[in-house]
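What follows is one structure encoded as structure tokens, with my remarks underneath.
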Amino acid sequence: ARRFLSAARMRLGFPSLNETKDITALITGHERRTPRTVMQTEGLEADDVERIAVAYGRAKSWWHVQVATMIALGFVAILRLGEVVKINIGDVTLVRHNNEEMNAEHLQSVPRRSSVKGVFLHIKWRKADQSHNVHVPVACSTATKLLLRQLRLLRAAGRQTGPLFPSRKGAVRNKFNHVSTQSMRDAIRKALHEVCGLSREQAALYSGHSLRVGGANHI
């Protein structure tokens with residue numbers, strides 16, 4: 001039902017479901033106001049991810065580009081936020097159209113989007129007592145384009161190794177620290193409020209796991 005309502009909102013050109021009395025009347029009593037459990041949090045919708053990618057991905061602020069890249073990658077690769085924030089530049093492998101693989105750490109220059117077929121992300125998956133190293137494929141054009149721009153911004157800042165997503169304080173202090181899951185969770189909620197028109201109360205229902213839930217729901 002939420003997916004159909006989201007599609008209707010897009011067709012009607014409404015920035016939010018709450019700005020229309022007719023739609024509000026339809027969903028009153030049926031909306032989920034709080035997560036069912038800690039793990040079953042609200043899932044992002046694909047159109048919300050796309051809107052954030054457009055709004056933040058073209059921004060001049062490196063932080064906005066980073067937030068958009070993390071959201072897009074987490075959504076399309078169905079990753080936990082804790083897995084996204086721990087990705088290093090060396091964990092990214094670009095694949096050209098001739099199937100040539102290039103590790104992002106060893107690139108002489110970041111290639112254009114048109115020359116890249118897709119991406120492999122090396123994820124050190126951790127849950128409970130299980131431990132796996134996997135390579136997750138990403139073929140989404142939007143996510144790949146954002147990832148390449150993120151790599152260019154890191155190159156411009158003199159970073160060719162270390163975290164793919166550095167912390168905000170680390171960028172100022174020139175330290176190679178991963179961004180924290182708490183900072184990214186807050187950034188996701190802020191993006192949902194600023195770009196997607198959700199109220200702060202609605203945005204607060206979303207957590208880092210919303211990327212994984214939303215991606216799985218979309219597939």
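FYI, nothing fancy with the structure tokens labels: chains A, B, ... in order, residues from 1 per chain, ligands from 1 as they appear.
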Legend entry - 7 Å contact set for Leu148 in chain A, only C-alpha atoms, chain neighbours under 4 positions out, as an NGL selection string: :A and (110 or 144 or 152)
Next, the residues of the selection above should be written as an mmCIF file, in the first residue's frame with N, CA and C atoms.
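The result, stored in selection.cif:
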data_model
loop_
_atom_site.group_PDB
_atom_site.id
_atom_site.type_symbol
_atom_site.label_atom_id
_atom_site.label_comp_id
_atom_site.auth_asym_id
_atom_site.auth_seq_id
_atom_site.Cartn_x
_atom_site.Cartn_y
_atom_site.Cartn_z
ATOM 1 N N VAL A 110 40.266 8.653 -11.938
ATOM 2 C CA VAL A 110 38.934 8.060 -11.852
ATOM 3 C C VAL A 110 38.279 8.121 -13.232
ATOM 4 N N THR A 144 26.428 4.063 -9.170
ATOM 5 C CA THR A 144 27.770 4.054 -9.750
ATOM 6 C C THR A 144 28.260 5.472 -10.028
ATOM 7 N N ARG A 152 36.321 10.914 -6.885
ATOM 8 C CA ARG A 152 36.980 12.119 -7.404
ATOM 9 C C ARG A 152 37.176 13.154 -6.301
#
Inset, instruction - Could you give me the residues within range 25-178 of chain A that DSSP places in helix (DSSP H, G or I), as number ranges by chain? - result: A: 25-27, 46-57, 62-76, 81-84, 89-91, 104-106, 113-115, 141-156, 168-173
Inset, instruction - For Ser210 in chain A, please output as a VMD selection string all residues within 12 Å (counting only C-alpha atoms; exclusion window: fewer than 3 positions along the same chain). - result: chain A and resid 35 38 to 46 48 to 49 71 to 72 74 to 76 78 to 82 184 to 185 188 to 189 192 203 to 207 213 to 218
Give me a file of those residues, with N, CA, C and O atoms, as a compact mmCIF listing (two decimals), in the first residue's frame.
# COMPACT_ATOMS: atom_id res chain seq x y z
N PRO A 35 8.23 1.79 14.59
CA PRO A 35 8.76 0.51 14.12
C PRO A 35 8.22 -0.64 14.95
O PRO A 35 7.98 -0.49 16.15
N VAL A 38 13.23 -3.26 16.67
CA VAL A 38 14.41 -2.49 16.34
C VAL A 38 14.87 -2.80 14.91
O VAL A 38 15.31 -1.92 14.17
N MET A 39 14.76 -4.07 14.48
CA MET A 39 15.25 -4.47 13.18
C MET A 39 14.23 -4.21 12.07
O MET A 39 14.59 -4.08 10.91
N GLN A 40 12.94 -4.13 12.41
CA GLN A 40 11.91 -3.94 11.39
C GLN A 40 11.54 -2.47 11.28
O GLN A 40 10.38 -2.09 11.42
N THR A 41 12.52 -1.63 11.04
CA THR A 41 12.29 -0.21 10.92
C THR A 41 11.71 0.13 9.55
O THR A 41 11.69 -0.70 8.65
N GLU A 42 11.26 1.36 9.40
CA GLU A 42 10.70 1.78 8.12
C GLU A 42 11.75 1.66 7.01
O GLU A 42 12.90 1.99 7.20
N GLY A 43 11.31 1.20 5.84
CA GLY A 43 12.21 1.06 4.72
C GLY A 43 12.09 2.24 3.77
O GLY A 43 10.98 2.71 3.49
N LEU A 44 13.21 2.73 3.27
CA LEU A 44 13.17 3.82 2.29
C LEU A 44 12.53 3.35 0.99
O LEU A 44 12.63 2.17 0.63
N GLU A 45 11.86 4.27 0.29
CA GLU A 45 11.29 3.98 -1.02
C GLU A 45 12.32 4.36 -2.10
O GLU A 45 13.14 5.25 -1.91
N ALA A 46 12.22 3.69 -3.24
CA ALA A 46 13.18 3.94 -4.33
C ALA A 46 13.12 5.38 -4.81
O ALA A 46 14.16 5.99 -5.12
N ASP A 48 12.40 8.00 -3.06
CA ASP A 48 13.05 8.86 -2.08
C ASP A 48 14.57 8.82 -2.26
O ASP A 48 15.24 9.85 -2.17
N VAL A 49 15.11 7.62 -2.51
CA VAL A 49 16.54 7.49 -2.75
C VAL A 49 16.95 8.27 -3.99
O VAL A 49 17.97 8.96 -4.01
N ILE A 71 23.64 6.39 0.87
CA ILE A 71 22.24 5.97 0.81
C ILE A 71 22.00 5.13 -0.44
O ILE A 71 21.36 4.07 -0.37
N ALA A 72 22.51 5.56 -1.58
CA ALA A 72 22.30 4.83 -2.83
C ALA A 72 22.96 3.45 -2.78
O ALA A 72 22.35 2.45 -3.16
N GLY A 74 23.87 1.67 -0.08
CA GLY A 74 23.22 0.83 0.93
C GLY A 74 21.89 0.28 0.43
O GLY A 74 21.54 -0.87 0.71
N PHE A 75 21.16 1.10 -0.33
CA PHE A 75 19.84 0.69 -0.84
C PHE A 75 19.96 -0.37 -1.92
O PHE A 75 19.33 -1.43 -1.84
N VAL A 76 20.79 -0.12 -2.95
CA VAL A 76 20.84 -1.04 -4.08
C VAL A 76 21.61 -2.33 -3.75
O VAL A 76 21.34 -3.38 -4.34
N ILE A 78 21.67 -3.61 -0.68
CA ILE A 78 20.97 -4.17 0.49
C ILE A 78 21.95 -4.40 1.64
O ILE A 78 22.11 -5.50 2.15
N LEU A 79 22.61 -3.32 2.05
CA LEU A 79 23.62 -3.40 3.10
C LEU A 79 23.12 -2.78 4.40
O LEU A 79 22.30 -1.87 4.39
N ARG A 80 23.65 -3.28 5.49
CA ARG A 80 23.43 -2.63 6.78
C ARG A 80 24.30 -1.37 6.81
O ARG A 80 25.37 -1.33 6.19
N LEU A 81 23.85 -0.38 7.56
CA LEU A 81 24.61 0.87 7.61
C LEU A 81 25.99 0.63 8.20
O LEU A 81 26.97 1.26 7.80
N GLY A 82 26.08 -0.30 9.15
CA GLY A 82 27.38 -0.62 9.74
C GLY A 82 28.35 -1.20 8.73
O GLY A 82 29.58 -1.07 8.88
N MET A 184 25.65 9.04 10.24
CA MET A 184 24.96 8.72 8.99
C MET A 184 23.47 8.54 9.20
O MET A 184 22.66 8.93 8.37
N ARG A 185 23.08 7.97 10.33
CA ARG A 185 21.65 7.82 10.61
C ARG A 185 21.00 9.19 10.71
O ARG A 185 19.92 9.42 10.14
N ILE A 188 20.69 10.67 7.22
CA ILE A 188 19.59 10.08 6.45
C ILE A 188 18.27 10.73 6.85
O ILE A 188 17.46 11.09 5.99
N ARG A 189 18.06 10.89 8.13
CA ARG A 189 16.81 11.51 8.61
C ARG A 189 16.72 12.96 8.14
O ARG A 189 15.64 13.43 7.76
N LEU A 192 15.74 12.98 4.46
CA LEU A 192 14.31 12.66 4.29
C LEU A 192 13.44 13.87 4.62
O LEU A 192 12.41 14.09 3.98
N ALA A 203 10.54 11.34 9.87
CA ALA A 203 11.92 10.99 9.54
C ALA A 203 12.60 10.25 10.69
O ALA A 203 13.47 9.40 10.47
N ALA A 204 12.18 10.55 11.92
CA ALA A 204 12.79 9.91 13.09
C ALA A 204 12.47 8.42 13.17
O ALA A 204 13.12 7.68 13.92
N LEU A 205 11.46 7.96 12.41
CA LEU A 205 11.12 6.54 12.40
C LEU A 205 12.13 5.72 11.61
O LEU A 205 12.17 4.50 11.72
N TYR A 206 12.93 6.39 10.79
CA TYR A 206 13.88 5.69 9.94
C TYR A 206 15.23 5.57 10.63
O TYR A 206 15.64 6.46 11.36
N SER A 207 15.89 4.45 10.38
CA SER A 207 17.21 4.21 10.97
C SER A 207 18.17 3.78 9.88
O SER A 207 17.82 3.72 8.70
N VAL A 213 16.26 -2.61 4.52
CA VAL A 213 14.86 -2.97 4.44
C VAL A 213 14.25 -2.43 3.14
O VAL A 213 13.53 -3.15 2.43
N GLY A 214 14.52 -1.17 2.84
CA GLY A 214 13.97 -0.57 1.64
C GLY A 214 14.44 -1.23 0.36
O GLY A 214 13.66 -1.47 -0.55
N GLY A 215 15.74 -1.55 0.30
CA GLY A 215 16.28 -2.22 -0.88
C GLY A 215 15.66 -3.59 -1.09
O GLY A 215 15.33 -3.98 -2.21
N ALA A 216 15.50 -4.34 0.00
CA ALA A 216 14.89 -5.67 -0.08
C ALA A 216 13.44 -5.56 -0.51
O ALA A 216 12.97 -6.34 -1.35
N ASN A 217 12.70 -4.60 0.05
CA ASN A 217 11.29 -4.41 -0.33
C ASN A 217 11.17 -4.05 -1.80
O ASN A 217 10.27 -4.53 -2.49
N HIS A 218 12.09 -3.20 -2.28
CA HIS A 218 12.02 -2.76 -3.68
C HIS A 218 12.24 -3.95 -4.63
O HIS A 218 11.54 -4.09 -5.63
If you count only C-alpha atoms, which residues fall within 7 Å of range 175-181 of chain A, apart from same-chain ones fewer than 3 positions away, as a CSV table (one decimal) with N, CA and C atoms, in the first residue's frame?
chain,number,residue,atom,x,y,z
A,81,LEU,N,23.8,-0.4,7.6
A,81,LEU,CA,24.6,0.9,7.6
A,81,LEU,C,26.0,0.6,8.2
A,82,GLY,N,26.1,-0.3,9.2
A,82,GLY,CA,27.4,-0.6,9.7
A,82,GLY,C,28.4,-1.2,8.7
A,85,VAL,N,29.5,2.0,6.3
A,85,VAL,CA,30.4,3.0,6.8
A,85,VAL,C,31.8,2.4,6.9
A,86,LYS,N,32.0,1.1,6.9
A,86,LYS,CA,33.3,0.5,7.0
A,86,LYS,C,34.0,0.2,5.7
A,162,GLY,N,42.4,4.5,2.5
A,162,GLY,CA,41.6,4.7,3.7
A,162,GLY,C,40.1,4.6,3.5
A,163,PRO,N,39.3,5.2,4.4
A,163,PRO,CA,37.9,5.1,4.3
A,163,PRO,C,37.3,5.7,3.1
A,165,PHE,N,34.2,6.6,3.0
A,165,PHE,CA,33.3,7.6,3.6
A,165,PHE,C,33.9,8.1,4.9
A,166,PRO,N,34.8,9.1,4.8
A,166,PRO,CA,35.5,9.7,6.0
A,166,PRO,C,34.5,10.5,6.9
A,167,SER,N,34.9,10.6,8.2
A,167,SER,CA,34.0,11.3,9.1
A,167,SER,C,34.1,12.8,8.8
A,168,ARG,N,33.1,13.6,9.2
A,168,ARG,CA,33.1,15.0,9.0
A,168,ARG,C,34.3,15.7,9.8
A,170,GLY,N,37.0,14.2,10.7
A,170,GLY,CA,38.2,13.7,10.2
A,170,GLY,C,38.7,14.5,9.0
A,171,ALA,N,37.7,15.0,8.2
A,171,ALA,CA,38.0,15.8,7.0
A,171,ALA,C,38.7,17.1,7.4
A,184,MET,N,25.7,9.0,10.2
A,184,MET,CA,25.0,8.7,9.0
A,184,MET,C,23.5,8.5,9.2
A,185,ARG,N,23.1,8.0,10.3
A,185,ARG,CA,21.7,7.8,10.6
A,185,ARG,C,21.0,9.2,10.7
Inset, instruction - Give the answer as one residue: which of A:Gly57, A:Cys140, A:Arg112, A:Gln160 has the shortest atom-to-atom distance to Val92 in chain A, using only C-alpha atoms? - result: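 Among the listed residues, the smallest separation from Val92 in chain A belongs to A:Gln160.
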